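See below for start.pdb, which holds PDB, C-alpha atoms and all ligand atoms.
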```pdb
MODEL        1
ATOM      1  CA  MET X  87     172.041  72.063 146.126
ATOM      2  CA  ARG X  88     175.268  73.314 147.666
ATOM      3  CA  SER X  89     176.941  71.075 150.210
ATOM      4  CA  LYS X  90     176.429  73.685 152.953
ATOM      5  CA  ASP X  91     172.652  73.568 152.379
ATOM      6  CA  LEU X  92     172.747  69.790 152.398
ATOM      7  CA  VAL X  93     174.484  69.818 155.782
ATOM      8  CA  ARG X  94     171.831  72.208 157.116
ATOM      9  CA  LEU X  95     169.061  70.001 155.779
ATOM     10  CA  LEU X  96     170.561  66.912 157.401
ATOM     11  CA  TRP X  97     170.944  68.749 160.712
ATOM     12  CA  GLY X  98     167.315  69.846 160.468
ATOM     13  CA  ILE X  99     166.158  66.285 159.918
ATOM     14  CA  ALA X 100     168.291  65.039 162.814
ATOM     15  CA  ILE X 101     166.901  67.675 165.194
ATOM     16  CA  ILE X 102     163.272  67.081 164.189
ATOM     17  CA  GLY X 103     163.816  63.345 164.476
ATOM     18  CA  THR X 104     165.252  63.726 167.970
ATOM     19  CA  LEU X 105     162.359  65.912 169.079
ATOM     20  CA  MET X 106     159.850  63.400 167.699
ATOM     21  CA  PHE X 107     161.634  60.625 169.542
ATOM     22  CA  ILE X 108     161.635  62.542 172.839
ATOM     23  CA  GLY X 109     157.992  63.441 172.264
ATOM     24  CA  ARG X 110     157.065  59.792 171.916
ATOM     25  CA  GLU X 111     159.136  58.511 174.823
ATOM     26  CA  HIS X 112     158.256  61.361 177.192
ATOM     27  CA  PRO X 113     154.889  62.743 176.097
ATOM     28  CA  SER X 114     154.691  65.002 179.172
ATOM     29  CA  ALA X 115     157.810  66.910 178.051
ATOM     30  CA  PHE X 116     155.794  68.870 175.490
ATOM     31  CA  ARG X 117     152.614  69.435 177.409
ATOM     32  CA  ALA X 118     151.524  72.750 178.859
ATOM     33  CA  PRO X 119     151.940  72.646 182.663
ATOM     34  CA  GLY X 120     148.280  73.605 183.128
ATOM     35  CA  ALA X 121     147.128  70.497 181.266
ATOM     36  CA  ARG X 122     148.550  68.351 184.016
ATOM     37  CA  PHE X 123     145.987  68.817 186.724
ATOM     38  CA  ALA X 124     142.903  68.063 184.637
ATOM     39  CA  GLU X 125     144.596  65.088 183.132
ATOM     40  CA  GLN X 126     145.579  63.550 186.403
ATOM     41  CA  ASP X 127     142.020  63.002 187.575
ATOM     42  CA  ARG X 128     142.575  59.313 187.983
ATOM     43  CA  TRP X 129     140.139  58.793 190.840
ATOM     44  CA  ASN X 130     137.249  56.486 190.336
ATOM     45  CA  VAL X 131     135.111  57.163 193.378
ATOM     46  CA  PRO X 132     132.150  54.764 193.654
ATOM     47  CA  GLU X 133     128.681  56.365 193.849
ATOM     48  CA  SER X 134     128.040  54.655 197.200
ATOM     49  CA  ALA X 135     131.119  56.383 198.669
ATOM     50  CA  LYS X 136     129.956  59.773 197.373
ATOM     51  CA  ARG X 137     126.659  59.300 199.223
ATOM     52  CA  MET X 138     128.313  58.417 202.564
ATOM     53  CA  LYS X 139     127.183  60.788 205.307
ATOM     54  CA  ASN X 140     129.752  62.462 207.529
ATOM     55  CA  PRO X 141     128.941  61.173 211.053
ATOM     56  CA  ILE X 142     131.100  63.824 212.772
ATOM     57  CA  ARG X 143     129.896  67.397 213.077
ATOM     58  CA  ALA X 144     132.384  70.051 212.000
ATOM     59  CA  THR X 145     132.752  71.516 215.486
ATOM     60  CA  GLY X 146     135.803  73.544 216.484
ATOM     61  CA  ALA X 147     137.151  70.492 218.340
ATOM     62  CA  SER X 148     136.828  68.268 215.261
ATOM     63  CA  ILE X 149     138.476  70.849 213.004
ATOM     64  CA  ARG X 150     141.352  71.257 215.483
ATOM     65  CA  LYS X 151     141.908  67.473 215.517
ATOM     66  CA  GLY X 152     141.830  67.459 211.725
ATOM     67  CA  LYS X 153     144.314  70.300 211.612
ATOM     68  CA  SER X 154     146.885  68.555 213.779
ATOM     69  CA  LEU X 155     146.457  65.267 211.867
ATOM     70  CA  PHE X 156     146.926  67.228 208.643
ATOM     71  CA  ALA X 157     150.163  68.788 209.918
ATOM     72  CA  GLU X 158     151.442  65.330 210.877
ATOM     73  CA  TYR X 159     150.378  63.186 207.916
ATOM     74  CA  CYS X 160     149.537  65.427 204.969
ATOM     75  CA  ALA X 161     151.405  68.733 204.999
ATOM     76  CA  MET X 162     154.692  67.271 203.719
ATOM     77  CA  CYS X 163     152.977  66.870 200.345
ATOM     78  CA  HIS X 164     149.931  69.139 200.484
ATOM     79  CA  GLY X 165     151.653  72.065 202.218
ATOM     80  CA  ASP X 166     150.674  73.693 205.512
ATOM     81  CA  ARG X 167     147.773  75.547 203.871
ATOM     82  CA  GLY X 168     146.758  72.730 201.482
ATOM     83  CA  LYS X 169     148.012  74.532 198.376
ATOM     84  CA  GLY X 170     149.888  71.428 197.201
ATOM     85  CA  ASP X 171     153.290  72.976 197.914
ATOM     86  CA  GLY X 172     154.695  70.771 200.677
ATOM     87  CA  PRO X 173     158.423  69.975 200.723
ATOM     88  CA  MET X 174     157.836  66.555 199.105
ATOM     89  CA  ALA X 175     155.558  67.825 196.336
ATOM     90  CA  GLU X 176     158.405  68.889 194.072
ATOM     91  CA  ALA X 177     159.662  65.322 193.771
ATOM     92  CA  LEU X 178     156.288  63.772 192.935
ATOM     93  CA  GLN X 179     155.342  62.856 189.367
ATOM     94  CA  THR X 180     151.658  63.415 190.106
ATOM     95  CA  LYS X 181     151.213  66.671 191.998
ATOM     96  CA  PRO X 182     149.039  66.867 195.127
ATOM     97  CA  GLY X 183     145.710  68.487 194.443
ATOM     98  CA  ASP X 184     145.140  72.097 195.531
ATOM     99  CA  LEU X 185     142.815  71.638 198.488
ATOM    100  CA  THR X 186     142.077  75.381 198.553
ATOM    101  CA  ASP X 187     140.604  75.304 195.038
ATOM    102  CA  ARG X 188     136.976  76.107 195.813
ATOM    103  CA  ALA X 189     135.609  75.169 192.394
ATOM    104  CA  ARG X 190     137.176  71.753 192.682
ATOM    105  CA  MET X 191     136.450  71.084 196.345
ATOM    106  CA  ASN X 192     132.867  72.351 196.522
ATOM    107  CA  VAL X 193     131.571  69.853 193.966
ATOM    108  CA  GLN X 194     132.859  66.976 196.076
ATOM    109  CA  SER X 195     130.841  65.441 198.897
ATOM    110  CA  ASP X 196     132.328  64.677 202.317
ATOM    111  CA  GLY X 197     131.997  60.976 201.466
ATOM    112  CA  GLU X 198     134.039  61.473 198.318
ATOM    113  CA  LEU X 199     136.862  63.203 200.223
ATOM    114  CA  PHE X 200     136.720  60.497 202.910
ATOM    115  CA  TRP X 201     137.060  57.810 200.253
ATOM    116  CA  LYS X 202     140.019  59.548 198.563
ATOM    117  CA  ILE X 203     141.886  59.912 201.863
ATOM    118  CA  ALA X 204     141.091  56.308 202.872
ATOM    119  CA  LYS X 205     141.965  54.663 199.554
ATOM    120  CA  GLY X 206     144.651  57.008 198.229
ATOM    121  CA  ASN X 207     145.939  56.962 194.691
ATOM    122  CA  PRO X 208     149.713  56.624 194.317
ATOM    123  CA  PRO X 209     151.683  58.638 195.266
ATOM    124  CA  MET X 210     148.856  59.664 197.617
ATOM    125  CA  PRO X 211     148.951  57.003 200.384
ATOM    126  CA  ASP X 212     145.901  54.991 201.502
ATOM    127  CA  PHE X 213     145.260  56.252 205.002
ATOM    128  CA  GLU X 214     142.707  53.626 205.965
ATOM    129  CA  LYS X 215     145.770  51.617 206.979
ATOM    130  CA  THR X 216     147.121  54.331 209.287
ATOM    131  CA  LEU X 217     144.135  56.288 210.578
ATOM    132  CA  ARG X 218     140.835  55.423 212.227
ATOM    133  CA  PRO X 219     137.646  56.351 210.312
ATOM    134  CA  GLU X 220     136.794  59.137 212.775
ATOM    135  CA  GLU X 221     140.254  60.629 212.270
ATOM    136  CA  ILE X 222     139.648  60.701 208.515
ATOM    137  CA  TRP X 223     136.312  62.486 209.105
ATOM    138  CA  HIS X 224     138.120  65.079 211.261
ATOM    139  CA  LEU X 225     140.496  65.576 208.331
ATOM    140  CA  VAL X 226     137.531  66.036 205.977
ATOM    141  CA  ASN X 227     136.091  68.648 208.348
ATOM    142  CA  TYR X 228     139.434  70.454 208.446
ATOM    143  CA  ILE X 229     139.979  70.326 204.678
ATOM    144  CA  ARG X 230     136.572  71.981 204.244
ATOM    145  CA  THR X 231     137.930  75.065 206.041
ATOM    146  CA  LEU X 232     140.804  75.427 203.535
ATOM    147  CA  ALA X 233     138.634  76.079 200.481
ATOM    148  CA  ARG X 234     136.496  78.881 201.854
TER     149      ARG X 234
HETATM  150  C1  LIG I   1     153.161  61.457 199.569
HETATM  151  C2  LIG I   1     152.409  62.650 199.333
HETATM  152  C3  LIG I   1     151.002  62.790 199.891
HETATM  153  C4  LIG I   1     150.610  62.685 201.199
HETATM  154  C5  LIG I   1     151.465  62.354 202.423
HETATM  155  C6  LIG I   1     149.198  62.969 201.208
HETATM  156  N1  LIG I   1     148.756  63.213 199.942
HETATM  157 FE1  LIG I   1     146.865  63.704 199.395
HETATM  158  N2  LIG I   1     147.401  63.694 197.476
HETATM  159  C7  LIG I   1     148.670  63.495 197.008
HETATM  160  C8  LIG I   1     148.643  63.515 195.562
HETATM  161  C9  LIG I   1     149.843  63.303 194.665
HETATM  162  C10 LIG I   1     147.305  63.731 195.188
HETATM  163  C11 LIG I   1     146.751  63.805 193.764
HETATM  164  C12 LIG I   1     146.430  62.386 193.337
HETATM  165  C13 LIG I   1     145.745  62.329 192.014
HETATM  166  O1  LIG I   1     145.198  63.327 191.568
HETATM  167  O2  LIG I   1     145.736  61.257 191.428
HETATM  168  C14 LIG I   1     146.550  63.849 196.408
HETATM  169  C15 LIG I   1     145.199  64.085 196.455
HETATM  170  C16 LIG I   1     144.472  64.279 197.601
HETATM  171  C17 LIG I   1     143.060  64.595 197.645
HETATM  172  C18 LIG I   1     142.130  64.746 196.456
HETATM  173  C19 LIG I   1     142.138  66.174 195.992
HETATM  174  C20 LIG I   1     141.242  66.406 194.810
HETATM  175  O3  LIG I   1     141.621  67.233 193.997
HETATM  176  O4  LIG I   1     140.204  65.768 194.690
HETATM  177  C21 LIG I   1     142.730  64.757 198.958
HETATM  178  C22 LIG I   1     141.366  65.107 199.525
HETATM  179  C23 LIG I   1     143.924  64.499 199.730
HETATM  180  N3  LIG I   1     144.975  64.206 198.874
HETATM  181  C24 LIG I   1     143.993  64.553 201.107
HETATM  182  C25 LIG I   1     145.106  64.146 201.835
HETATM  183  C26 LIG I   1     145.118  64.045 203.278
HETATM  184  C27 LIG I   1     143.974  64.432 204.184
HETATM  185  C28 LIG I   1     146.346  63.584 203.618
HETATM  186  C29 LIG I   1     146.870  63.247 204.999
HETATM  187  C30 LIG I   1     146.091  62.357 205.813
HETATM  188  C31 LIG I   1     147.120  63.418 202.386
HETATM  189  N4  LIG I   1     146.327  63.766 201.336
HETATM  190  C32 LIG I   1     148.430  62.987 202.347
HETATM  191  C33 LIG I   1     149.806  63.306 197.753
HETATM  192  C34 LIG I   1     149.835  63.122 199.107
ENDMDL
END
```
Write the structure described by the file as structure tokens, please.
Amino acid sequence: MRSKDLVRLLWGIAIIGTLMFIGREHPSAFRAPGARFAEQDRWNVPESAKRMKNPIRATGASIRKGKSLFAEYCAMCHGDRGKGDGPMAEALQTKPGDLTDRARMNVQSDGELFWKIAKGNPPMPDFEKTLRPEEIWHLVNYIRTLAR
């Protein structure tokens, strides 16, 4: 083996070694961006919460209240239209869900959405500390209008 080839071989080993190291320390660095959303389903919603009935009818008044609460408390992460593109979203490790994704939203009950908003899941805050239950139901009613 000529010394030039040996140098190339050593460089090759060094580069592969570095990539393997990065891969182990930062597994997300080599993952397809699309894999992220499915993987981040870290919610563990209890069955009893899924069965909770929404006590507030989705009237225009309720949806309007939900909309203004959303603009105040949620849009900075979820975006004005719920697409997950609010100004803070870029900085978050776990991205806000796309609340306009019909396939994802339609399989969830109102109780399930209520529970997620109330309990949060970092970096999503737990709004039971900030909002009254009826305000969270207004938010649920509003969110339902985003995924139509
Ligand atoms: C600091 C940023 C932030 C704020 C503020 C925030 N969220 Fe979230 N939200 C997130 C993130 C991040 C997720 C995804 C969490 C996960 O998948 O583990 C999420 C997930 C959700 C989900 C679940 C979506 C799904 O795919 O099942 C709902 C519903 C939701 N948020 C509603 C709200 C509402 C309503 C508000 C305002 C009252 C709000 N969020 C405020 C960051 C935020």
Site check for ligand LIG 1 (chain I): residues at most 8 Å away, all atoms listed in the file, as a PyMOL selection string: chain X and resi 123+126-129+155-156+158-164+174-175+178-185+190-191+194+199-200+202-203+206-211+213+217+222+225-226+229
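Separating CA of Gly146 in chain X from CA of Gly170 in chain X is a distance of 24.0 Å.
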Reference answer for the PyMOL selection byres (((chain X and resi 137) around 8) and not hetatm), as a PyMOL selection string: chain X and resi 133-136+138-139+195+197-198
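Among X:Ser89, X:Ser154, X:Asn192, X:Asn130, the residue with the shortest atom-to-atom distance to His224 in chain X, counting all atoms listed in the file, is X:Ser154.
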Spatial neighbours of Ala233 in chain X, max dist 6 Å, all atoms listed in the file, sep filter under 3 positions, as JSON, numbers by chain: {"X": [186, 187, 188, 230]}
Residue nearest Glu220 in chain X among X:Gly165, X:Gly172, X:Gly152, X:Pro132 (counting all atoms listed in the file): X:Gly152
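Coordinates place CA of Tyr228 in chain X at a distance of 5.8 Å from CA of Lys153 in chain X.
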Which of X:Asp171, X:Arg88, X:Trp223, X:Ala189 sits closest to Ala204 in chain X [using all atoms listed in the file]: X:Trp223
d(CA of Asp196 in chain X, CA of Ala147 in chain X) in Å: 17.7 Å
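Considering all atoms listed in the file, the residue among X:Arg234, X:Arg143, X:Lys151, X:Arg218 positioned nearest to Arg167 in chain X is X:Arg234.
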Need the axis-aligned box for range 163-168 of chain X with 5 Å each side, so what are the centre and edges in Å to one decimal, as lines of an AutoDock Vina configuration file?
```
center_x = 149.9
center_y = 71.2
center_z = 202.9
size_x = 16.2
size_y = 18.7
size_z = 15.2
```
